[in-house]
Every structure is written in structure tokens, then in C-alpha cells.
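As provided, run05.csv (CSV, C-alpha atoms and all ligand atoms) reads as follows.
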```csv
chain,number,residue,atom,x,y,z
A,1,MET,CA,-54.9,-15.9,47.8
A,2,ASN,CA,-57.2,-17.1,50.6
A,3,GLY,CA,-58.6,-19.8,48.3
A,4,TRP,CA,-55.2,-20.9,47.3
A,5,LYS,CA,-54.1,-21.2,50.9
A,6,ALA,CA,-57.2,-23.1,52.1
A,7,LYS,CA,-56.8,-25.5,49.2
A,8,ASN,CA,-53.1,-26.0,49.8
A,9,TYR,CA,-53.8,-26.8,53.5
A,10,GLN,CA,-56.7,-29.0,52.8
A,11,GLU,CA,-54.6,-31.0,50.3
A,12,SER,CA,-51.8,-31.4,52.8
A,13,ARG,CA,-54.4,-32.7,55.4
A,14,LEU,CA,-55.8,-35.2,52.9
A,15,LEU,CA,-52.3,-36.3,52.1
A,16,ALA,CA,-51.8,-36.7,55.8
A,17,SER,CA,-54.8,-38.9,56.3
A,18,ASP,CA,-53.8,-41.0,53.2
A,19,ILE,CA,-50.4,-41.6,54.6
A,20,ARG,CA,-51.7,-42.4,58.1
A,21,ASN,CA,-54.2,-44.8,56.7
A,22,ASP,CA,-51.8,-46.5,54.4
A,23,LYS,CA,-50.7,-49.2,56.8
A,24,ALA,CA,-49.5,-51.4,54.0
A,25,ASP,CA,-46.9,-48.9,52.9
A,26,GLN,CA,-44.3,-49.4,55.5
A,27,MET,CA,-41.7,-48.0,53.2
A,28,SER,CA,-43.2,-44.5,53.2
A,29,GLU,CA,-40.5,-42.1,54.2
A,30,ILE,CA,-42.7,-39.0,54.3
A,31,ILE,CA,-43.0,-37.7,57.8
A,32,LEU,CA,-45.5,-35.0,58.0
A,33,MET,CA,-44.3,-31.5,59.0
A,34,GLU,CA,-47.2,-31.1,61.4
A,35,ASP,CA,-46.1,-34.2,63.2
A,36,ILE,CA,-42.5,-33.0,63.4
A,37,ALA,CA,-43.7,-29.6,64.8
A,38,ALA,CA,-45.8,-31.4,67.4
A,39,GLN,CA,-42.9,-33.7,68.4
A,40,LEU,CA,-40.6,-30.7,68.8
A,41,VAL,CA,-43.0,-29.1,71.4
A,42,ALA,CA,-44.1,-32.4,73.1
A,43,THR,CA,-44.8,-32.1,76.9
A,44,SER,CA,-41.7,-31.8,79.1
A,45,LYS,CA,-39.4,-31.3,76.0
A,46,GLY,CA,-37.9,-28.5,74.0
A,47,ILE,CA,-35.1,-27.8,71.6
A,48,LEU,CA,-31.4,-27.4,72.2
A,49,ALA,CA,-29.9,-24.7,70.0
A,50,ALA,CA,-26.3,-26.0,69.3
A,51,ASP,CA,-26.0,-24.2,66.0
A,52,GLU,CA,-23.5,-21.6,66.9
A,53,SER,CA,-21.5,-20.5,63.8
A,54,THR,CA,-17.8,-21.1,63.9
A,55,GLY,CA,-17.2,-17.5,64.8
A,56,THR,CA,-19.7,-17.6,67.7
A,57,ILE,CA,-18.5,-21.0,69.2
A,58,THR,CA,-15.0,-19.7,68.9
A,59,LYS,CA,-15.9,-16.7,71.1
A,60,ARG,CA,-17.6,-19.1,73.6
A,61,PHE,CA,-14.5,-21.3,73.6
A,62,ASP,CA,-12.2,-18.3,74.1
A,63,GLY,CA,-14.2,-17.7,77.3
A,64,ILE,CA,-13.0,-21.1,78.6
A,65,GLN,CA,-9.5,-20.8,77.2
A,66,THR,CA,-10.1,-23.6,74.7
A,67,GLU,CA,-8.9,-23.6,71.2
A,68,SER,CA,-11.7,-23.9,68.6
A,69,THR,CA,-10.9,-26.6,66.1
A,70,GLU,CA,-13.0,-29.0,64.0
A,71,ASP,CA,-12.2,-31.7,66.6
A,72,SER,CA,-12.8,-29.6,69.7
A,73,ARG,CA,-16.2,-28.4,68.4
A,74,ARG,CA,-17.1,-32.0,67.6
A,75,ASP,CA,-16.0,-33.2,71.0
A,76,TYR,CA,-18.0,-30.5,72.8
A,77,ARG,CA,-21.2,-31.2,70.8
A,78,GLU,CA,-20.8,-35.0,71.1
A,79,MET,CA,-20.5,-34.5,74.9
A,80,LEU,CA,-23.9,-32.7,74.9
A,81,PHE,CA,-25.6,-35.2,72.5
A,82,THR,CA,-24.5,-38.3,74.4
A,83,ALA,CA,-25.3,-37.1,77.9
A,84,ASN,CA,-27.3,-39.8,79.7
A,85,GLY,CA,-31.0,-39.0,79.6
A,86,VAL,CA,-30.9,-36.1,77.2
A,87,SER,CA,-33.8,-37.4,75.1
A,88,ASP,CA,-36.1,-37.1,78.2
A,89,TYR,CA,-35.8,-33.3,77.8
A,90,VAL,CA,-34.6,-32.5,74.3
A,91,SER,CA,-36.9,-33.2,71.4
A,92,GLY,CA,-34.7,-31.7,68.7
A,93,VAL,CA,-31.2,-30.1,68.2
A,94,ILE,CA,-30.4,-27.3,65.8
A,95,LEU,CA,-27.1,-28.1,64.2
A,96,TYR,CA,-24.6,-26.0,62.3
A,97,ASP,CA,-23.6,-27.1,58.8
A,98,GLU,CA,-20.3,-28.5,60.0
A,99,THR,CA,-21.9,-30.6,62.8
A,100,LEU,CA,-24.5,-32.1,60.5
A,101,ARG,CA,-21.6,-33.5,58.5
A,102,GLN,CA,-19.5,-34.6,61.4
A,103,SER,CA,-19.1,-38.1,63.0
A,104,ALA,CA,-18.7,-39.0,66.6
A,105,LYS,CA,-15.5,-40.7,67.8
A,106,ASN,CA,-17.2,-44.1,67.2
A,107,GLY,CA,-17.7,-43.2,63.6
A,108,GLN,CA,-21.5,-42.7,63.8
A,109,ARG,CA,-22.7,-39.5,62.3
A,110,LEU,CA,-23.7,-37.0,65.0
A,111,ALA,CA,-27.2,-36.6,63.3
A,112,ASP,CA,-27.6,-40.4,63.6
A,113,THR,CA,-26.5,-40.3,67.3
A,114,LEU,CA,-29.4,-37.9,67.8
A,115,SER,CA,-32.0,-39.8,65.7
A,116,ALA,CA,-31.1,-43.1,67.4
A,117,GLN,CA,-32.3,-41.5,70.7
A,118,GLY,CA,-35.5,-40.2,69.1
A,119,ILE,CA,-34.1,-36.6,68.9
A,120,ILE,CA,-34.9,-34.8,65.7
A,121,PRO,CA,-31.9,-33.2,63.9
A,122,GLY,CA,-32.4,-29.6,62.7
A,123,ILE,CA,-30.2,-27.2,60.8
A,124,LYS,CA,-29.4,-23.5,60.9
A,125,VAL,CA,-29.7,-22.4,57.2
A,126,ASP,CA,-29.2,-18.6,57.4
A,127,MET,CA,-25.8,-17.2,56.6
A,128,GLY,CA,-25.8,-14.7,59.4
A,129,ALA,CA,-26.8,-11.1,59.9
A,130,LYS,CA,-25.0,-8.5,57.7
A,131,PRO,CA,-25.2,-4.7,57.5
A,132,LEU,CA,-28.4,-3.5,56.0
A,133,ALA,CA,-27.7,-1.1,53.0
A,134,PHE,CA,-28.6,2.5,53.7
A,135,SER,CA,-29.3,2.0,57.3
A,136,GLU,CA,-26.7,2.6,60.0
A,137,ASP,CA,-26.2,-0.1,62.6
A,138,GLU,CA,-29.1,-2.3,61.4
A,139,LEU,CA,-28.8,-5.8,60.1
A,140,ILE,CA,-30.4,-8.0,57.5
A,141,THR,CA,-30.0,-11.8,57.5
A,142,GLU,CA,-28.6,-13.3,54.3
A,143,GLY,CA,-28.7,-16.8,52.9
A,144,LEU,CA,-31.6,-17.0,50.4
A,145,ASP,CA,-29.5,-17.6,47.3
A,146,GLY,CA,-29.2,-21.3,46.6
A,147,LEU,CA,-31.3,-22.1,49.6
A,148,ARG,CA,-33.6,-24.5,47.7
A,149,GLY,CA,-30.6,-26.7,46.8
A,150,ARG,CA,-29.1,-26.6,50.3
A,151,LEU,CA,-32.4,-27.6,51.8
A,152,ALA,CA,-32.7,-30.6,49.5
A,153,GLU,CA,-29.2,-31.7,50.6
A,154,TYR,CA,-29.9,-31.1,54.3
A,155,TYR,CA,-33.0,-33.3,54.0
A,156,GLU,CA,-30.9,-36.1,52.6
A,157,LEU,CA,-28.5,-35.6,55.5
A,158,GLY,CA,-31.4,-36.1,58.0
A,159,ALA,CA,-32.5,-32.6,58.9
A,160,ARG,CA,-36.3,-32.3,59.4
A,161,PHE,CA,-36.5,-28.8,60.7
A,162,ALA,CA,-34.5,-25.6,60.1
A,163,LYS,CA,-33.8,-22.2,61.7
A,164,TRP,CA,-33.4,-18.7,60.3
A,165,ARG,CA,-32.6,-15.8,62.7
A,166,ALA,CA,-33.4,-12.2,62.0
A,167,VAL,CA,-31.8,-9.6,64.4
A,168,ILE,CA,-33.5,-6.4,65.4
A,169,SER,CA,-32.0,-4.0,67.9
A,170,ILE,CA,-33.6,-1.3,69.9
A,171,GLY,CA,-31.8,2.1,69.9
A,172,ASP,CA,-32.5,5.8,69.5
A,173,ALA,CA,-33.9,5.6,66.0
A,174,ALA,CA,-34.1,1.8,65.7
A,175,PRO,CA,-35.6,-0.3,64.6
A,176,SER,CA,-36.7,1.2,61.4
A,177,GLU,CA,-39.8,0.0,59.5
A,178,TYR,CA,-37.4,-0.7,56.7
A,179,CYS,CA,-35.3,-3.1,58.8
A,180,ILE,CA,-38.3,-4.9,60.2
A,181,GLU,CA,-40.0,-5.3,56.8
A,182,THR,CA,-36.9,-6.6,54.9
A,183,ASN,CA,-36.1,-9.1,57.6
A,184,ALA,CA,-39.8,-10.3,57.7
A,185,HIS,CA,-39.8,-10.7,54.0
A,186,ALA,CA,-36.6,-12.8,54.1
A,187,LEU,CA,-38.0,-14.9,57.0
A,188,ALA,CA,-41.1,-15.7,54.9
A,189,ARG,CA,-39.1,-16.5,51.8
A,190,TYR,CA,-37.0,-18.9,53.9
A,191,ALA,CA,-40.1,-20.5,55.5
A,192,ALA,CA,-41.9,-21.1,52.2
A,193,LEU,CA,-38.7,-22.8,50.7
A,194,CYS,CA,-38.5,-25.0,53.8
A,195,GLN,CA,-42.1,-26.2,53.6
A,196,GLU,CA,-41.6,-26.9,49.9
A,197,ALA,CA,-38.7,-29.2,50.9
A,198,ASN,CA,-40.8,-30.9,53.6
A,199,ILE,CA,-38.7,-29.2,56.4
A,200,VAL,CA,-40.4,-27.5,59.3
A,201,PRO,CA,-39.2,-23.8,59.5
A,202,ILE,CA,-38.5,-22.2,62.8
A,203,ILE,CA,-39.0,-18.5,62.4
A,204,GLU,CA,-36.8,-16.5,64.6
A,205,PRO,CA,-37.2,-12.7,64.7
A,206,GLU,CA,-35.0,-11.8,67.7
A,207,ILE,CA,-35.3,-8.4,69.3
A,208,LEU,CA,-32.0,-8.0,71.2
A,209,MET,CA,-31.9,-7.4,74.9
A,210,ASP,CA,-28.9,-5.1,74.5
A,211,GLY,CA,-29.6,-1.5,75.7
A,212,SER,CA,-31.2,0.4,78.4
A,213,HIS,CA,-34.8,0.3,77.0
A,214,SER,CA,-37.8,-0.5,79.2
A,215,ILE,CA,-39.9,-3.7,79.0
A,216,ASP,CA,-42.6,-1.6,77.4
A,217,GLU,CA,-40.3,-0.5,74.6
A,218,CYS,CA,-39.4,-4.1,74.0
A,219,TYR,CA,-43.2,-4.9,74.0
A,220,ALA,CA,-43.9,-2.3,71.3
A,221,VAL,CA,-41.0,-3.5,69.0
A,222,THR,CA,-41.9,-7.2,69.5
A,223,GLU,CA,-45.5,-6.5,68.7
A,224,THR,CA,-44.8,-4.6,65.5
A,225,THR,CA,-42.2,-7.1,64.4
A,226,LEU,CA,-44.5,-10.1,64.9
A,227,LYS,CA,-47.4,-8.4,63.2
A,228,THR,CA,-45.1,-7.7,60.2
A,229,VAL,CA,-43.7,-11.2,60.2
A,230,PHE,CA,-47.1,-12.9,60.2
A,231,ASP,CA,-48.3,-10.6,57.5
A,232,GLU,CA,-45.4,-11.7,55.3
A,233,LEU,CA,-46.0,-15.3,56.1
A,234,TYR,CA,-49.6,-14.9,55.0
A,235,LYS,CA,-48.6,-13.2,51.8
A,236,GLN,CA,-46.0,-15.8,51.0
A,237,ARG,CA,-48.5,-18.7,51.6
A,238,VAL,CA,-46.6,-20.3,54.5
A,239,VAL,CA,-48.7,-23.0,56.3
A,240,LEU,CA,-48.9,-21.9,59.9
A,241,GLU,CA,-49.6,-25.4,61.2
A,242,GLN,CA,-46.3,-26.5,59.8
A,243,MET,CA,-44.0,-24.0,61.5
A,244,LEU,CA,-42.7,-22.9,64.9
A,245,LEU,CA,-42.1,-19.4,66.1
A,246,LYS,CA,-38.8,-18.7,68.0
A,247,PRO,CA,-39.2,-15.2,69.5
A,248,ASN,CA,-37.5,-13.3,72.3
A,249,MET,CA,-39.4,-12.9,75.6
A,250,VAL,CA,-40.7,-9.4,76.3
A,251,VAL,CA,-38.1,-8.3,78.8
A,252,SER,CA,-36.3,-5.1,80.1
A,253,GLY,CA,-33.1,-4.1,78.3
A,254,LYS,CA,-30.0,-5.5,79.9
A,255,ASP,CA,-28.9,-2.1,81.1
A,256,CYS,CA,-32.4,-0.8,82.1
A,257,PRO,CA,-32.3,0.2,85.8
A,258,GLU,CA,-35.7,-1.3,86.3
A,259,GLN,CA,-35.7,-5.1,85.7
A,260,ALA,CA,-39.2,-6.6,85.3
A,261,SER,CA,-40.2,-9.6,87.4
A,262,ALA,CA,-40.9,-13.0,85.9
A,263,GLU,CA,-44.6,-12.5,86.3
A,264,GLU,CA,-44.5,-9.2,84.4
A,265,VAL,CA,-42.4,-10.7,81.7
A,266,ALA,CA,-44.8,-13.6,81.3
A,267,ALA,CA,-47.9,-11.4,81.3
A,268,LYS,CA,-46.5,-8.9,78.7
A,269,THR,CA,-45.1,-11.6,76.5
A,270,ILE,CA,-48.3,-13.7,76.4
A,271,TYR,CA,-50.4,-10.6,75.9
A,272,CYS,CA,-48.1,-9.6,73.0
A,273,PHE,CA,-48.6,-13.0,71.3
A,274,GLU,CA,-52.3,-12.8,71.8
A,275,GLN,CA,-52.3,-9.7,69.7
A,276,THR,CA,-50.0,-11.1,67.0
A,277,VAL,CA,-49.6,-14.9,66.8
A,278,PRO,CA,-52.4,-16.9,65.1
A,279,VAL,CA,-53.7,-19.9,67.1
A,280,ALA,CA,-52.9,-22.1,64.1
A,281,VAL,CA,-49.2,-21.9,65.0
A,282,PRO,CA,-48.6,-25.1,67.0
A,283,GLY,CA,-45.8,-23.9,69.3
A,284,ILE,CA,-43.6,-21.0,70.5
A,285,VAL,CA,-40.1,-22.0,71.4
A,286,PHE,CA,-38.1,-19.2,73.1
A,287,LEU,CA,-34.5,-18.2,72.6
A,288,SER,CA,-32.7,-17.3,75.9
A,289,GLY,CA,-31.1,-14.2,74.3
A,290,GLY,CA,-28.4,-13.6,76.9
A,291,GLN,CA,-30.5,-14.0,80.0
A,292,THR,CA,-28.9,-16.1,82.7
A,293,GLU,CA,-29.9,-19.8,82.8
A,294,ALA,CA,-32.0,-19.2,85.9
A,295,GLN,CA,-33.7,-16.0,84.6
A,296,ALA,CA,-34.7,-17.7,81.3
A,297,THR,CA,-36.0,-20.7,83.2
A,298,ALA,CA,-38.0,-18.6,85.7
A,299,ASN,CA,-39.6,-16.6,82.9
A,300,LEU,CA,-40.5,-19.7,80.9
A,301,ASN,CA,-42.0,-21.2,84.0
A,302,ALA,CA,-44.2,-18.1,84.7
A,303,MET,CA,-45.6,-18.3,81.2
A,304,ASN,CA,-46.4,-21.9,81.5
A,305,GLN,CA,-48.2,-21.3,84.8
A,306,MET,CA,-50.6,-19.0,82.9
A,307,ASP,CA,-53.4,-21.1,81.6
A,308,ARG,CA,-54.8,-18.9,78.8
A,309,HIS,CA,-52.5,-19.5,75.9
A,310,PRO,CA,-53.5,-21.7,72.9
A,311,TRP,CA,-49.9,-22.6,71.8
A,312,GLU,CA,-47.4,-24.9,73.3
A,313,ILE,CA,-44.9,-22.7,75.1
A,314,SER,CA,-41.4,-24.3,75.1
A,315,TYR,CA,-37.7,-23.6,74.7
A,316,SER,CA,-35.1,-23.5,72.0
A,317,PHE,CA,-32.2,-22.3,74.2
A,318,GLY,CA,-28.6,-22.0,73.3
A,319,ARG,CA,-26.8,-20.3,76.2
A,320,GLY,CA,-29.8,-21.0,78.5
A,321,LEU,CA,-29.0,-24.7,78.3
A,322,GLN,CA,-25.3,-24.7,77.7
A,323,ALA,CA,-23.7,-22.1,79.9
A,324,SER,CA,-23.0,-24.3,83.0
A,325,ALA,CA,-22.0,-27.3,80.8
A,326,LEU,CA,-19.5,-25.2,78.9
A,327,ALA,CA,-18.0,-23.8,82.1
A,328,ALA,CA,-17.7,-27.3,83.6
A,329,TRP,CA,-16.1,-28.8,80.4
A,330,ARG,CA,-13.4,-26.2,79.8
A,331,GLY,CA,-12.2,-28.2,76.8
A,332,LYS,CA,-10.8,-31.2,78.9
A,333,ALA,CA,-11.7,-34.8,78.4
A,334,GLU,CA,-11.5,-35.5,82.1
A,335,ASN,CA,-14.3,-33.0,82.7
A,336,VAL,CA,-16.8,-34.7,80.3
A,337,SER,CA,-18.9,-36.4,82.9
A,338,ALA,CA,-19.1,-33.3,85.1
A,339,ALA,CA,-20.1,-31.2,82.1
A,340,GLN,CA,-22.8,-33.8,81.1
A,341,GLU,CA,-24.1,-33.7,84.6
A,342,ALA,CA,-24.3,-29.9,84.6
A,343,PHE,CA,-26.0,-30.1,81.2
A,344,ILE,CA,-28.6,-32.6,82.2
A,345,ASN,CA,-29.3,-30.8,85.4
A,346,ARG,CA,-30.0,-27.6,83.4
A,347,CYS,CA,-32.2,-29.6,81.0
A,348,LYS,CA,-34.2,-31.0,83.9
A,349,LEU,CA,-34.9,-27.5,85.3
A,350,THR,CA,-35.8,-26.1,81.9
A,351,SER,CA,-38.1,-29.0,81.2
A,352,ALA,CA,-39.8,-28.5,84.6
A,353,ALA,CA,-40.4,-24.8,83.5
A,354,ARG,CA,-41.8,-25.9,80.2
A,355,ASP,CA,-44.4,-27.7,82.2
A,356,GLY,CA,-44.9,-24.9,84.7
A,357,ASN,CA,-43.4,-27.0,87.5
A,358,TYR,CA,-40.2,-25.1,88.3
A,359,SER,CA,-39.3,-23.2,91.4
A,360,ALA,CA,-36.2,-21.1,92.2
A,361,GLU,CA,-35.4,-23.4,95.1
A,362,MET,CA,-34.8,-26.2,92.7
A,363,GLU,CA,-31.6,-24.4,91.6
A,364,SER,CA,-30.0,-25.0,94.9
A,365,ASP,CA,-31.4,-28.5,95.4
A,366,THR,CA,-29.2,-29.8,92.6
B,1,LIG,P1,-29.7,-18.2,72.8
B,1,LIG,O1,-30.7,-19.1,73.6
B,1,LIG,O2,-28.3,-18.3,73.4
B,1,LIG,O3,-30.2,-16.9,72.6
B,1,LIG,O4,-29.6,-18.9,71.4
B,1,LIG,C1,-30.7,-19.3,70.8
B,1,LIG,C2,-30.5,-19.2,69.3
B,1,LIG,O5,-30.6,-20.1,68.6
B,1,LIG,C3,-30.1,-17.9,68.8
B,1,LIG,O6,-30.2,-17.9,67.4
```
With the file now loaded, output its structure as C-alpha cells.
Ligand code: 13P
Amino acid sequence: MNGWKAKNYQESRLLASDIRNDKADQMSEIILMEDIAAQLVATSKGILAADESTGTITKRFDGIQTESTEDSRRDYREMLFTANGVSDYVSGVILYDETLRQSAKNGQRLADTLSAQGIIPGIKVDMGAKPLAFSEDELITEGLDGLRGRLAEYYELGARFAKWRAVISIGDAAPSEYCIETNAHALARYAALCQEANIVPIIEPEILMDGSHSIDECYAVTETTLKTVFDELYKQRVVLEQMLLKPNMVVSGKDCPEQASAEEVAAKTIYCFEQTVPVAVPGIVFLSGGQTEAQATANLNAMNQMDRHPWEISYSFGRGLQASALAAWRGKAENVSAAQEAFINRCKLTSAARDGNYSAEMESDT
């Protein structure tokens, strides 16, 4: 297997240099997965996760008393994607299937609105986390059936990277080895299919923050999960240079009486990755996972202030970038510019944290 993998990677490198050297072939449409991965974690930039399923976005809209319809979902996302200066902070956007097929009010496809600004469109391809057979309260992510065909279509529609989220929770007897292993296996199957389709896979094993567990319990479960995931990626021949990891930060459970500081979160998270994430992986893009915008930003900043990690450390936030914008918008056209201002402000702070240049005082300056 080692030989196969080395040969596969070498061939993709040779192909890369052929394509780069082939100046005459201006028509070449092949963009290398390594280049996409590098662009997604470029300095000062990160990913906007705007791929909430219809169920999830409806819950978010309920919170602002806004009806969730095809048009309101389109309007909301169009508002985010056209905010002035968004491409200074956002390298790529993860879309939901519906959004990848939608057009803006001016008739331009939303994916093209992003590409025109140099922002790479991505796509959530999993079909959600469902109950895991023979295991109470644990989940397995579905969506492998027919995935090869869907990926080919998504490529045609402009998607150059994808996301698959596995959900692991911490409880009395959870997570089980069974839950971690089945989810890791599915993540690797998804990743291999993506690379076969020339789409960069974002691999997201999320350990939920829900619960009263300590940061050290979160550390232990994150470490075991990442070890298992990278073992499966290896077995299933996934090329590490052509993927990104989207993990949770190692944090205290939401209801834990002792909440760890940003410095402790950063030290334990980076140490955990040192034990588990190969240096061939180009970047780690965090989910915000229910932390407040300011918490997620402070933790990201503390990690980027540490100088000992070999990976780019960036963001792929959903709520961590959208919470203020959503609250400012409230589903009303007259609030669009205030919501865009709130969104860009959040992007600016998160981008500063991605470079290790954020401070809590910046929250009140803006
Ligand atoms: P949050 O940042 O809100 O956790 O969302 C990121 C995401 O993409 C979850 O799958």
C-alpha cells in the first residue's frame, strides 16, 4: 500500500509540474487540488460555512422570526456573498445543494458571484447525521450512495471543494469505538471519492461541545478520533496534501463549571494535533461549534500566536461568522447594509485572529 501511495502522489506531482509548465495550453481547465487547498488557507483568509441544511437554516430563521423559503434563504446568502470587501477575508464558501443551484436577483448564479470575486465555491455533500444502528444516542453520517455521480455534477456546477461532517458526542458511555470507527471509515470513503473527482475534501469530525465534560475529556476524545480518522485516510489512500481538516477546538463542555482560557484551549488543541495530524496536511480550518463569535475568535488567535505548528491554522466558521449578521438582518431588505456591515466586521476580526493579530479590545473598537 505504501508503494501505491507514493507512486500515486509522485504521479500527481509530475502532472502538476507538466500542467504548470504547459504555458501554451491556456485552455487547460485542470486546477490542482493542492493549489485549491493552499488558496483556501491563504494568509488572512478562511472559509465561510454557509451550508446549513434547510432544517438548520429554518431553525436559525425561527430565531429572528423570519420565514424560511427558497427566496428568503437566497436573499440571506446573497447578502453575505455580496458584502463589500468579503473577498479580503473569505477564500471559499461552503454551499448547500440548493444554494449552488440558485441565482442572485440579477440573474447571476450565486456560485459565479463568488468565483467572480476570487472566492472558491464549495459544497456540503453529506446527507446528515442519522441514528447509528445498535447504539443509543450515537450518530452516523450518511450520503455515500450515489456520491460519485453527485460529485461529478457538483464539479460541473463549479464546486472545487467539499465538506462531510461526522458528529461525535461526549456522554456517560459515549463515544463508543464503534461510533468513531464507522464515522472515520465513512469520512475516508467520502474523501477518496472527492479526490478521484478532483474536488478537495474537507474532513470534519466534530466532537460536540454539548455536555458538562472537562477540557481534558474533550482532549482525549479528539485525540482518539483524529488518530482513527487519519488511520482510515491512510488505508483508503487519501492524499494528505490534497485535503483540509476541519476539527473542533479542544474546549471545555458548554455546561462544565470550569471554562478553560484561550491560552489553555490553544495549547491543548495544538498539542493534540501534534500527536495526530501529519505535517503533510496543508491546513486546519476550525468549526466554531456553538462558541460565541468572540470566544471562537480569541481561541483561534491564541493558536496563531503559538509559533510551533507546521500547518496553516484558519477558520471555517458558520455561526462564528454569521451570528451578528443574522441578528442585524432579521429578514428585512432595509437591514441589508447593517447586516453586511456586521458581517464584514466579524470577518475582519476573525481574519486578524487567523494571523494572530486579534485582541479582545478590537471587539469594542468597531
Ligand atoms: P459552526 O462554525 O457553526 O460550527 O459551523 C461550521 C460547520 O460547517 C458545521 O458543520
Box along x, y and z, 3 Å on every side, all listed atoms of ligand LIG 1 (chain B) inside: centre and edge lengths in Å to one decimal, as AutoDock Vina command-line options.
```
--center_x -29.5 --center_y -18.5 --center_z 70.5 --size_x 8.4 --size_y 9.2 --size_z 12.2
```
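A distance cut-off of 7 Å from ligand LIG 1 (chain B), applied to only C-alpha atoms and all ligand atoms, picks out the residues Ala49, Asp51, Arg165, Leu287, Ser288, Gly289, Gly290, Ser316, Phe317, Gly318, Arg319 and Gly320 of chain A.
Take atom CA of Ser53 of chain A and atom CA of Ile94 of chain A: the distance between them is 11.4 Å.
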Exercise. Residues at most 9 Å from Asn304 of chain A, counting only C-alpha atoms, excluding those fewer than 5 positions away in the same chain, as a PyMOL selection string?
Worked result: chain A and resi 266+299+309+312-314+353-357
For this session: Tell me, as a ChimeraX atom specification, which residues lie within 8 Å of Ala260 of chain A, counting only C-alpha atoms; anything in the same chain fewer than 5 positions away does not count.
Result: /A:215,251-252,265
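For the atom pair formed by atom CA of Lys124 of chain A and atom CA of Lys163 of chain A, the distance is 4.7 Å, given to one decimal.
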Exercise. Atom CA of Lys227 of chain A and atom CA of Met306 of chain A are how many Å apart?
Worked result: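 Separation of atom CA of Lys227 of chain A and atom CA of Met306 of chain A: 22.6 Å.
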For this session: In the coordinate frame of the file, compute which residues have an atom within 9 Å of (-23.0, -31.0, 76.3) when using only C-alpha atoms, and state them as JSON, numbers by chain.
Result: {"A": [76, 77, 78, 79, 80, 81, 82, 83, 321, 322, 325, 326, 329, 336, 339, 340, 341, 342, 343, 344]}
Exercise. Nearest to Ala280 of chain A: which of A:Asn84, A:Gln242, A:Thr225, A:Thr141 is it, counting only C-alpha atoms?
Worked result: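 Nearest candidate to Ala280 of chain A out of A:Asn84, A:Gln242, A:Thr225, A:Thr141: A:Gln242.
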For this session: Rank A:Ile64, A:Cys179, A:Leu40, A:Ala50 by their smallest atom-to-atom distance to Phe134 of chain A, using all atoms listed in the file, and report the top residue only.
Result: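 The closest residue to Phe134 of chain A is A:Cys179.
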For this session: Determine, counting only C-alpha atoms, which protein, DNA and RNA residues have an atom within 8 Å of an atom of Leu349 of chain A; residues of the same chain fewer than 2 positions away are not included. Present the result as a list in words.
Result: Thr297, Asn345, Arg346, Cys347, Ser351, Ala352, Ala353, Tyr358, Met362 and Glu363 of chain A
Using C-alpha atoms, can you export the residues from the last selection as a PDB file, keeping the file's coordinate frame?
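Written out: selection_34.pdb:
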```pdb
ATOM      1  CA  THR A 297     -36.000 -20.700  83.200  1.00  0.00           C
ATOM      2  CA  ASN A 345     -29.300 -30.800  85.400  1.00  0.00           C
ATOM      3  CA  ARG A 346     -30.000 -27.600  83.400  1.00  0.00           C
ATOM      4  CA  CYS A 347     -32.200 -29.600  81.000  1.00  0.00           C
ATOM      5  CA  SER A 351     -38.100 -29.000  81.200  1.00  0.00           C
ATOM      6  CA  ALA A 352     -39.800 -28.500  84.600  1.00  0.00           C
ATOM      7  CA  ALA A 353     -40.400 -24.800  83.500  1.00  0.00           C
ATOM      8  CA  TYR A 358     -40.200 -25.100  88.300  1.00  0.00           C
ATOM      9  CA  MET A 362     -34.800 -26.200  92.700  1.00  0.00           C
ATOM     10  CA  GLU A 363     -31.600 -24.400  91.600  1.00  0.00           C
TER      11      GLU A 363
END
```
Residue contacts of Ser169 of chain A (12 Å, all atoms listed in the file) excluding same-chain residues fewer than 5 positions away, as a PDB file with C-alpha atoms, keeping the file's coordinate frame:
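Result file is out-v1.pdb:
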```pdb
ATOM      1  CA  ALA A 129     -26.800 -11.100  59.900  1.00  0.00           C
ATOM      2  CA  GLU A 136     -26.700   2.600  60.000  1.00  0.00           C
ATOM      3  CA  ASP A 137     -26.200  -0.100  62.600  1.00  0.00           C
ATOM      4  CA  GLU A 138     -29.100  -2.300  61.400  1.00  0.00           C
ATOM      5  CA  LEU A 139     -28.800  -5.800  60.100  1.00  0.00           C
ATOM      6  CA  ILE A 140     -30.400  -8.000  57.500  1.00  0.00           C
ATOM      7  CA  ALA A 174     -34.100   1.800  65.700  1.00  0.00           C
ATOM      8  CA  PRO A 175     -35.600  -0.300  64.600  1.00  0.00           C
ATOM      9  CA  SER A 176     -36.700   1.200  61.400  1.00  0.00           C
ATOM     10  CA  CYS A 179     -35.300  -3.100  58.800  1.00  0.00           C
ATOM     11  CA  ILE A 180     -38.300  -4.900  60.200  1.00  0.00           C
ATOM     12  CA  PRO A 205     -37.200 -12.700  64.700  1.00  0.00           C
ATOM     13  CA  GLU A 206     -35.000 -11.800  67.700  1.00  0.00           C
ATOM     14  CA  ILE A 207     -35.300  -8.400  69.300  1.00  0.00           C
ATOM     15  CA  LEU A 208     -32.000  -8.000  71.200  1.00  0.00           C
ATOM     16  CA  MET A 209     -31.900  -7.400  74.900  1.00  0.00           C
ATOM     17  CA  ASP A 210     -28.900  -5.100  74.500  1.00  0.00           C
ATOM     18  CA  GLY A 211     -29.600  -1.500  75.700  1.00  0.00           C
ATOM     19  CA  SER A 212     -31.200   0.400  78.400  1.00  0.00           C
ATOM     20  CA  HIS A 213     -34.800   0.300  77.000  1.00  0.00           C
ATOM     21  CA  GLU A 217     -40.300  -0.500  74.600  1.00  0.00           C
ATOM     22  CA  CYS A 218     -39.400  -4.100  74.000  1.00  0.00           C
ATOM     23  CA  VAL A 221     -41.000  -3.500  69.000  1.00  0.00           C
ATOM     24  CA  THR A 222     -41.900  -7.200  69.500  1.00  0.00           C
ATOM     25  CA  THR A 225     -42.200  -7.100  64.400  1.00  0.00           C
ATOM     26  CA  ASN A 248     -37.500 -13.300  72.300  1.00  0.00           C
ATOM     27  CA  GLY A 253     -33.100  -4.100  78.300  1.00  0.00           C
TER      28      GLY A 253
END
```
Exercise. At most 12 Å from (-47.2, -10.0, 61.0), file frame, all atoms listed in the file: which residues, as a VMD selection string?
Worked result: chain A and resid 180 to 181 183 to 185 187 to 188 203 205 222 to 236 245 273 275 to 278
For this session: Tell me which of A:Ile123, A:Ala328, A:Ala262, A:Val250 sits closest to Val200 of chain A, counting only C-alpha atoms.
Result: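 The closest residue to Val200 of chain A is A:Ile123.
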Seminar exercise, completed: Counting all atoms listed in the file, the residue among A:Pro247, A:Gly146, A:Gly128, A:Gly55 that lies closest to Ile202 of chain A is A:Pro247
Exercise. Near segment 157-161 of chain A, counting only C-alpha atoms, which residues have an atom at most 10 Å away, once you skip same-chain residues fewer than 6 positions from it, shown as a VMD selection string?
Worked result: chain A and resid 31 to 33 36 to 37 40 92 to 95 100 to 101 109 111 to 112 115 120 to 125 151 194 to 195 197 to 202 243 to 244
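Minimum atom-to-atom distances from A:Arg308, A:Gln295, A:Gln65, A:Pro257 to Glu274 of chain A were compared using all atoms listed in the file, and the lowest value belongs to A:Arg308.
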Problem set entry | Pick from A:Leu48, A:Met303, A:Val238, A:Ala333, whichever lies nearest to Arg189 of chain A using all atoms listed in the file | A:Val238
